[in-house]
Amino acid sequence: MSETFPSKAETPRPTMIDVARRAGVGLGTVSRVVNGGHGVRDETAQRVRAAIDELGFQRNEVARALRPGKKSTSLALVLGDLTNPFYASIAKAALEVAGQSGYAVVLGSVDEDPEGEKRAIQELVSRQVAGLMIVPDQGDHSFLEGAGVPVVFLDRPATGIDADIAMVDNEGGGRLATEHLLAQGHERIAILLAPSYYTTGRRLRGYRRAYRSAGLDVDESLVIQLPEGNAEAAEKATREVMLRPDPPTAIFASTNFLTEGVLRALGELGREPAVVGFDDFRLADMLPTPVTVVASDIAELGRSAARLLLDRASGTDTRPPQRIVLPCALVERGSGERPPGSAAKRRPR
């Protein structure tokens with residue numbers, strides 16, 4: 001089941017988060033009052049109801065269908081752009097694991113929109129889901145404290161809350177890609193980075209560590225922070241860096257979308273530097289020069305998160321917050337094995 005949540009361009013209706021702020025209580029307290037639960041002092045409940053009246057908050061009708069005491073068999077997954085194969089793979093794997101245990105999954109997509117994410121989570125909590133899986137944005141997630149449901153974060157940790165997380169070894173993968181290019185004889189390696197995401201920031205740390213281990217200095221002009229994390233921005237940046245008087249002999253693209261833009265620009269320019277991408281993508285092995293990538297088991301990332309959340313929801317796992325880190329591996333296919341001199345060559349027309 002998939003849900004579309006309001007975009008930040010729309011006027012949002014009041015949420016339980018708004019009610020909690022107005023009443024000065026936790027999200028879980030509002031949820032109990034709204035859904036007729038017990039364990040809330042009369043004075044606190046009156047304050048919550050007053051905030052509800054002032055804001056004009058209305059409970060989601062789906063929540064009314066759940067009888068008090070009935071155990072939910074739904075999980076929620078909130079993630080980024082579903083056109084990105086990375087997120088699609090996570091969702092597919094999580095749905096499979098949940099389905100095997102008799103759980104449905106409500107799916108929400110809110111791409112790097114902190115306010116949209118908060119509204120989506122409020123909607124999901126109001127539906128009394130048994131647990132939340134979230135690929136977090138870059139905002140403060142302290143509002144989830146006391147939400148009353150277990151939470152597992154994916155791909156990157158959240159700010160303001162200590163919770164379970166399943167992620168890949170981004171720093172190790174960045175180092176692996178850079179060490180591989182350095183081993184081919186490249187010293188001028190450009191790295192293209194999506195804007196200030198946790199994952200690409202850790203991949204940059206791995207890039208720097210590889211240079212330090214090799215006893216080399218990083219040319220900061222080759223650390224390219226893009227204004228947007230899409231193929232178009234990567235294409236433009238690649239064209240500009242390759243037309244410099246002293247262009248790089250290799251490029252490390254820190255996401256699969258950026259790799260796409262890099263390859264498009266190089267094809268137009270007729271240049272052939274070595275290229276390593278982070279995260280595999282369809283047809284990467286079918287191109288004239290197959291693309292070398294740093295890959296991880298993204299499906300296992302989704303499965304691990306879903307299994308952990310199910311254990312938390314059932315009460316079988318009561319350990320402190322866990323951190324699951326999946327390893328990365330280099331898949332050599334050809335583009336990352338080009339020697340430094342190949343960057344100046346031009347393909348025949």
# chains A, B, ... in the order shown; residues from 1 in each chain; ligands from 1

call {"tool": "select_by_dssp", "arguments": {"residues": "segment 96-243 of chain A", "states": "strand (DSSP E or B)", "output": "VMD selection string"}}
result
chain A and resid 104 to 109 131 to 134 140 151 to 154 159 164 to 168 189 to 193 223 to 225

call {"tool": "residues_around", "arguments": {"residues": "Ile189 of chain A", "least_positions_apart": "5", "cutoff": "9 Å", "atoms": "only C-alpha atoms", "output": "MDAnalysis selection string"}}
result
chainID A and resid 178 181:182 218:219 222:223 248:252 274

call {"tool": "atom_distance", "arguments": {"atom1": "atom CA of Phe278 of chain A", "atom2": "atom CA of Ala295 of chain A"}}
result
6.5 Å

call {"tool": "closest_residue", "arguments": {"among": "A:Val97, A:Leu326, A:Ala20, A:Leu266", "to": "Leu144 of chain A", "atoms": "only C-alpha atoms"}}
result
A:Ala20

call {"tool": "residues_around", "arguments": {"residues": "His141 of chain A", "least_positions_apart": "4", "cutoff": "7 Å", "atoms": "only C-alpha atoms", "output": "list in words"}}
result
Ala158, Thr159, Gly160 and Ile161 of chain A

call {"tool": "residues_around", "arguments": {"residues": "segment 123-139 of chain A", "least_positions_apart": "4", "cutoff": "7 Å", "atoms": "only C-alpha atoms", "output": "number ranges by chain"}}
result
A: 31, 60, 62-63, 72-80, 112-114, 119, 149-156, 158-159, 309, 313

call {"tool": "closest_residue", "arguments": {"among": "A:Lys236, A:Arg282, A:Arg209, A:Arg303", "to": "Ile90 of chain A", "atoms": "only C-alpha atoms"}}
result
A:Arg303

call {"tool": "closest_residue", "arguments": {"among": "A:Val105, A:Met242, A:Ala190, A:Ala147", "to": "Gly270 of chain A", "atoms": "only C-alpha atoms"}}
result
A:Met242

call {"tool": "closest_residue", "arguments": {"among": "A:Gly334, A:Ala306, A:Asp297, A:Lys118", "to": "Ser89 of chain A", "atoms": "only C-alpha atoms"}}
result
A:Asp297
